[in-house]
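Engineer: I'd like to ask some things about the structure below.
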Amino acid sequence: MISRRVFLKNGGLALVSLGFAPAFIARTVEAAGSTRRKVLIAIFQRGAVDGLNMIVPFGERGYYAARPSIAIPQPGSADGAIDLDGFFGLHPRLGALEPLWRARQLAIVHACGSPDGTRSHFDAQDYMETATPGVKSTQDGWLNRIMHAQEHANATPFRAVALAPQLPRSLQGTAPALAINQLDQFGIRAGQASEMVQASFEAEYAAAADRVLNRTGSEAFDAVRMLKSADPRKYQPENGAEYPRSAYGEALRQIAQLIKADVGLEIAFAEAGGWDTHVNQGASAGQLGARLDDFGRGIAALHRDLGDRLSDVVILTMSEFGRAVAENGNRGTDHGHGNAMLVIGGDVRGGRVYGRWPGLAPEQRYEGRDLAVTTDFRSVFAEVVRTHLGVADMRAVFPGFETKQAVPLPSTFCLLPSAFYLLPSTFCLLPSTFWLRA
C-alpha cells in the first residue's frame, strides 16, 4: 500500500497532508493573482504557559499572597508589571507588545480555557487542537475543518502551512496542508541534479494508475514550483523588523514571507515550547521571563514586518492550560486550568482585557487551586473563524459546541473592560464580535 502522504526530502521535512477536497486546485503564483486573503496565524505555546505571570492580575490581592517569590511586582516598582488597565499588566519581558496594546491592536482574553479539567499535556493539547474537549476519537483538527467549511476554487497548495518539522494535530485531516521547516529548502534536493530528479518523480506520478495519487503528486510538485518562483532566499523583513534568533522567530519570519509572496496563504501555524515551569520559574527575570521575551519580540517583529497587511491578519495565541495559582515548593508552578489568550491584528478591538474575572481567593479557584475558566477557548476560536475568516457554519468547525454557551462561575461578577458588572446569574456571555471590528 502506498500511503496517501508525500514526503519531499529536504533540509527539514515537508509533509503534504492529503485529502479529497474537490476545491484543492494547484495554482501558479500568477494564477493566484494579487488578491489579498484574510489570514489566521495560530501560535501554540506548548507546555502550558503561566497566564497569571504573563498577563498579571496585579489588582488582585490574592495573587501576591499565593506567590511570595515568583509574583511580578506592582507597576511602578523595579521590574514591575506594565500597567494595562489598572488591574491587569503585562509581564515586563513582554514590553515589545505594549505598543500593540496602546495602538488597540492587541486584545486579551483572560480566565480562558477548556471545560475539560485534565492536567495531562498530551490530552489537553489534543483537545485544544481538535477543539473537542473530552473527546479522544476526533480524527481531524479545527484548522483543517475550516478549509472544508469554506472551500473555494482559488485555493492554492499554500492555503494552510505549518512552519514546523511536522504537521500539528490542528491541521491534520482530509483537507490538504503543508508542514515546512525551511522555505528555501522545500522541494527535492539532489544537488545539481535536483531538476532532473524532480522531473523523474513527476513522470512516475503522471504514470500512476491511482487517480488520487496522480493528482496528489502533481499538486505537491506544483507547490514546489510555486514557492521557487517566490524565491524565499531573497526575503528581507521590512520596517526595521528584527526577529528573535530562535526556531520560533524564524517560523514567524517565514510566515510573513509567505503572506507577502501572495501564494494564497490563509492559515498559518507556529509553536513555541519550554513553558512547563515546575522548578525555578522566576519572576520578572529567569526561565519564564526568557521565554516570554522571545515570544513577545517575535510577535512584535511579525507585526512590524507585515505593515499595512496586518489589516488582513489575525494572530491568535493559545496554550493547553494554565498553572496553579499558588507557587510550589520548588519556586515553580504546577499544572493548572484557566489561562490567557492574545488576539492581535489590524481589525482587532484591542486595548482591552475581555472575559469574566473569577478571582483568586481559595473559594473562587477551580478545585480550590487553579484559575477558574470563564470563557471556553472555542468561543475565542469561533469568533475569529466567523468574523475574520467569514465562515458561517460554526457546527462544521466546532462539532457539538454551541458558540453562545457560557461557563458557570463560583462568583457573580463579570470583569469587562474598565468596569465590574453584577450579573443576575452566574453565567457570562461574550458579546458577538467582541473584539473584531465589523
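By order in the C-alpha cells, chains are A, B, ...; within a chain, residues start at 1; ligands start at 1, following the order shown.
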Using only C-alpha atoms, tabulate the residues of region 93-196 of chain A lying at most 10 Å from any atom of region 328-349 of chain A, each with its closest atom pair and that distance in Å to one decimal, by chain and increasing residue number, as JSON lines.
Structural biologist:
{"residue": "A:Leu97", "atom": "CA", "partner": "A:Ile344", "partner_atom": "CA", "distance": 9.9}
{"residue": "A:Leu100", "atom": "CA", "partner": "A:Ile344", "partner_atom": "CA", "distance": 7.9}
{"residue": "A:Trp101", "atom": "CA", "partner": "A:Ile344", "partner_atom": "CA", "distance": 9.0}
{"residue": "A:Ala103", "atom": "CA", "partner": "A:Gly346", "partner_atom": "CA", "distance": 9.4}
{"residue": "A:Arg104", "atom": "CA", "partner": "A:Arg349", "partner_atom": "CA", "distance": 6.3}
{"residue": "A:Gln105", "atom": "CA", "partner": "A:Gly345", "partner_atom": "CA", "distance": 5.4}
{"residue": "A:Leu106", "atom": "CA", "partner": "A:Ile344", "partner_atom": "CA", "distance": 4.5}
{"residue": "A:Ala107", "atom": "CA", "partner": "A:Val343", "partner_atom": "CA", "distance": 5.1}
{"residue": "A:Ile108", "atom": "CA", "partner": "A:Leu342", "partner_atom": "CA", "distance": 4.7}
{"residue": "A:Val109", "atom": "CA", "partner": "A:Met341", "partner_atom": "CA", "distance": 5.2}
{"residue": "A:His110", "atom": "CA", "partner": "A:Ala340", "partner_atom": "CA", "distance": 4.3}
{"residue": "A:Ala111", "atom": "CA", "partner": "A:Gly338", "partner_atom": "CA", "distance": 4.8}
{"residue": "A:Cys112", "atom": "CA", "partner": "A:Asn339", "partner_atom": "CA", "distance": 5.1}
{"residue": "A:Gly113", "atom": "CA", "partner": "A:Gly338", "partner_atom": "CA", "distance": 5.2}
{"residue": "A:Ser114", "atom": "CA", "partner": "A:Gly338", "partner_atom": "CA", "distance": 7.7}
{"residue": "A:Pro115", "atom": "CA", "partner": "A:His337", "partner_atom": "CA", "distance": 9.2}
{"residue": "A:Asp116", "atom": "CA", "partner": "A:His337", "partner_atom": "CA", "distance": 9.0}
{"residue": "A:Gly117", "atom": "CA", "partner": "A:His337", "partner_atom": "CA", "distance": 6.8}
{"residue": "A:Thr118", "atom": "CA", "partner": "A:His337", "partner_atom": "CA", "distance": 8.2}
{"residue": "A:Arg119", "atom": "CA", "partner": "A:His335", "partner_atom": "CA", "distance": 5.9}
{"residue": "A:Ser120", "atom": "CA", "partner": "A:His335", "partner_atom": "CA", "distance": 8.3}
{"residue": "A:His121", "atom": "CA", "partner": "A:His335", "partner_atom": "CA", "distance": 8.7}
Engineer: Please report the interatomic distance between CA of Ala396 (chain A) and CA of Val313 (chain A) in Å with one decimal.
Structural biologist: 22.4 Å
Engineer: At a cut-off of 12 Å, using only C-alpha atoms, what residues contact Tyr235 (chain A)? Leave out same-chain residues fewer than 6 positions from it and give the result as a PDB file with N, CA and C atoms, in the first residue's frame.
Structural biologist:
ATOM      1  N   LEU A 183      11.643  27.292   4.248  1.00  0.00           N
ATOM      2  CA  LEU A 183      11.082  27.564   2.928  1.00  0.00           C
ATOM      3  C   LEU A 183      12.114  27.399   1.820  1.00  0.00           C
ATOM      4  N   ASP A 184      13.345  27.851   2.062  1.00  0.00           N
ATOM      5  CA  ASP A 184      14.337  27.807   0.986  1.00  0.00           C
ATOM      6  C   ASP A 184      14.902  26.412   0.758  1.00  0.00           C
ATOM      7  N   ARG A 253       9.071  34.695  10.893  1.00  0.00           N
ATOM      8  CA  ARG A 253       9.651  35.414   9.749  1.00  0.00           C
ATOM      9  C   ARG A 253       9.201  34.781   8.437  1.00  0.00           C
ATOM     10  N   GLN A 254       9.169  33.455   8.389  1.00  0.00           N
ATOM     11  CA  GLN A 254       8.776  32.768   7.165  1.00  0.00           C
ATOM     12  C   GLN A 254       7.276  32.885   6.907  1.00  0.00           C
ATOM     13  N   ILE A 255       6.481  32.995   7.970  1.00  0.00           N
ATOM     14  CA  ILE A 255       5.052  33.236   7.776  1.00  0.00           C
ATOM     15  C   ILE A 255       4.837  34.588   7.106  1.00  0.00           C
ATOM     16  N   ALA A 256       5.546  35.609   7.586  1.00  0.00           N
ATOM     17  CA  ALA A 256       5.456  36.926   6.953  1.00  0.00           C
ATOM     18  C   ALA A 256       5.867  36.851   5.491  1.00  0.00           C
ATOM     19  N   GLN A 257       6.875  36.080   5.219  1.00  0.00           N
ATOM     20  CA  GLN A 257       7.361  35.914   3.846  1.00  0.00           C
ATOM     21  C   GLN A 257       6.287  35.293   2.959  1.00  0.00           C
ATOM     22  N   LEU A 258       5.605  34.267   3.441  1.00  0.00           N
ATOM     23  CA  LEU A 258       4.546  33.630   2.657  1.00  0.00           C
ATOM     24  C   LEU A 258       3.377  34.582   2.426  1.00  0.00           C
ATOM     25  N   ILE A 259       3.018  35.353   3.456  1.00  0.00           N
ATOM     26  CA  ILE A 259       1.912  36.300   3.298  1.00  0.00           C
ATOM     27  C   ILE A 259       2.235  37.314   2.219  1.00  0.00           C
ATOM     28  N   LYS A 260       3.439  37.863   2.258  1.00  0.00           N
ATOM     29  CA  LYS A 260       3.801  38.914   1.304  1.00  0.00           C
ATOM     30  C   LYS A 260       4.125  38.375  -0.083  1.00  0.00           C
ATOM     31  N   ALA A 261       4.358  37.066  -0.191  1.00  0.00           N
ATOM     32  CA  ALA A 261       4.610  36.469  -1.504  1.00  0.00           C
ATOM     33  C   ALA A 261       3.314  36.231  -2.276  1.00  0.00           C
ATOM     34  N   ASP A 305       6.786  43.819  10.576  1.00  0.00           N
ATOM     35  CA  ASP A 305       7.143  43.354   9.241  1.00  0.00           C
ATOM     36  C   ASP A 305       5.945  43.379   8.292  1.00  0.00           C
TER      37      ASP A 305
END
Engineer: I need the residues of region 226-384 of chain A that end up classed as strand (DSSP E or B) by DSSP on the backbone, written out as JSON, numbers by chain.
Structural biologist: {"A": [267, 268, 269, 270, 271, 272, 313, 314, 315, 316, 317, 318, 323, 324, 335, 339, 340, 341, 342, 343, 344, 345, 348, 352, 353, 354, 366, 370, 375, 376]}
Engineer: So which residues touch Ala48 (chain A) within 6 Å, counting only C-alpha atoms, skipping near sequence neighbours fewer than 2 positions away, as JSON, numbers by chain?
Structural biologist: {"A": [46, 275, 276, 319, 320, 321, 322]}
Engineer: CA of Phe158 (chain A) and CA of Ile180 (chain A) are how many Å apart?
Structural biologist: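 Value for the CA of Phe158 (chain A)-CA of Ile180 (chain A) distance: 10.4 Å.
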Engineer: Could you pull out the helix (DSSP H, G or I) residues of region 73-124 of chain A, going by DSSP on the backbone, and write them as an MDAnalysis selection string?
Structural biologist: chainID A and resid 92:102 121:124
Engineer: Take the residues just selected and output them with N, CA and C atoms as a PDB file, in the first residue's frame.
Structural biologist:
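Output contents, as saved in selection_37.pdb:
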ATOM      1  N   PRO A  92       6.951  42.178  32.498  1.00  0.00           N
ATOM      2  CA  PRO A  92       7.887  43.191  31.987  1.00  0.00           C
ATOM      3  C   PRO A  92       8.704  42.734  30.787  1.00  0.00           C
ATOM      4  N   ARG A  93       8.890  41.422  30.610  1.00  0.00           N
ATOM      5  CA  ARG A  93       9.641  40.950  29.444  1.00  0.00           C
ATOM      6  C   ARG A  93       8.775  40.895  28.193  1.00  0.00           C
ATOM      7  N   LEU A  94       7.512  41.284  28.312  1.00  0.00           N
ATOM      8  CA  LEU A  94       6.630  41.405  27.144  1.00  0.00           C
ATOM      9  C   LEU A  94       6.489  42.859  26.711  1.00  0.00           C
ATOM     10  N   GLY A  95       7.459  43.682  27.075  1.00  0.00           N
ATOM     11  CA  GLY A  95       7.395  45.099  26.735  1.00  0.00           C
ATOM     12  C   GLY A  95       7.265  45.364  25.252  1.00  0.00           C
ATOM     13  N   ALA A  96       7.740  44.446  24.407  1.00  0.00           N
ATOM     14  CA  ALA A  96       7.635  44.632  22.955  1.00  0.00           C
ATOM     15  C   ALA A  96       6.186  44.665  22.491  1.00  0.00           C
ATOM     16  N   LEU A  97       5.269  44.132  23.311  1.00  0.00           N
ATOM     17  CA  LEU A  97       3.856  44.113  22.928  1.00  0.00           C
ATOM     18  C   LEU A  97       3.097  45.339  23.405  1.00  0.00           C
ATOM     19  N   GLU A  98       3.696  46.134  24.267  1.00  0.00           N
ATOM     20  CA  GLU A  98       2.979  47.304  24.792  1.00  0.00           C
ATOM     21  C   GLU A  98       2.526  48.263  23.692  1.00  0.00           C
ATOM     22  N   PRO A  99       3.355  48.564  22.679  1.00  0.00           N
ATOM     23  CA  PRO A  99       2.881  49.458  21.608  1.00  0.00           C
ATOM     24  C   PRO A  99       1.652  48.911  20.881  1.00  0.00           C
ATOM     25  N   LEU A 100       1.521  47.593  20.760  1.00  0.00           N
ATOM     26  CA  LEU A 100       0.355  47.000  20.109  1.00  0.00           C
ATOM     27  C   LEU A 100      -0.885  47.229  20.963  1.00  0.00           C
ATOM     28  N   TRP A 101      -0.717  47.142  22.283  1.00  0.00           N
ATOM     29  CA  TRP A 101      -1.830  47.408  23.194  1.00  0.00           C
ATOM     30  C   TRP A 101      -2.251  48.868  23.101  1.00  0.00           C
ATOM     31  N   ARG A 102      -1.287  49.776  23.133  1.00  0.00           N
ATOM     32  CA  ARG A 102      -1.609  51.206  23.076  1.00  0.00           C
ATOM     33  C   ARG A 102      -2.264  51.569  21.746  1.00  0.00           C
ATOM     34  N   HIS A 121      -0.643  17.091  29.649  1.00  0.00           N
ATOM     35  CA  HIS A 121      -0.249  17.891  28.487  1.00  0.00           C
ATOM     36  C   HIS A 121      -0.768  17.256  27.199  1.00  0.00           C
ATOM     37  N   PHE A 122      -0.568  15.952  27.063  1.00  0.00           N
ATOM     38  CA  PHE A 122      -0.923  15.270  25.818  1.00  0.00           C
ATOM     39  C   PHE A 122      -2.412  15.399  25.538  1.00  0.00           C
ATOM     40  N   ASP A 123      -3.245  15.081  26.541  1.00  0.00           N
ATOM     41  CA  ASP A 123      -4.694  15.139  26.326  1.00  0.00           C
ATOM     42  C   ASP A 123      -5.170  16.569  26.099  1.00  0.00           C
ATOM     43  N   ALA A 124      -4.676  17.509  26.907  1.00  0.00           N
ATOM     44  CA  ALA A 124      -5.143  18.895  26.791  1.00  0.00           C
ATOM     45  C   ALA A 124      -4.761  19.500  25.444  1.00  0.00           C
TER      46      ALA A 124
END
Engineer: What lies within 12 Å of region 387-394 of chain A using only C-alpha atoms, ignoring chain neighbours under 6 positions off, as a PyMOL selection string?
Structural biologist: chain A and resi 37-41+131+142-143+145-152+266-267+311-316+343-348+378-381+400-404+432-438
Engineer: What does the distance between CA of Asp126 (chain A) and CA of Leu171 (chain A) come to in Å, to one decimal place?
Structural biologist: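 Taking CA of Asp126 (chain A) as the start and CA of Leu171 (chain A) as the end point, the length is 11.6 Å.
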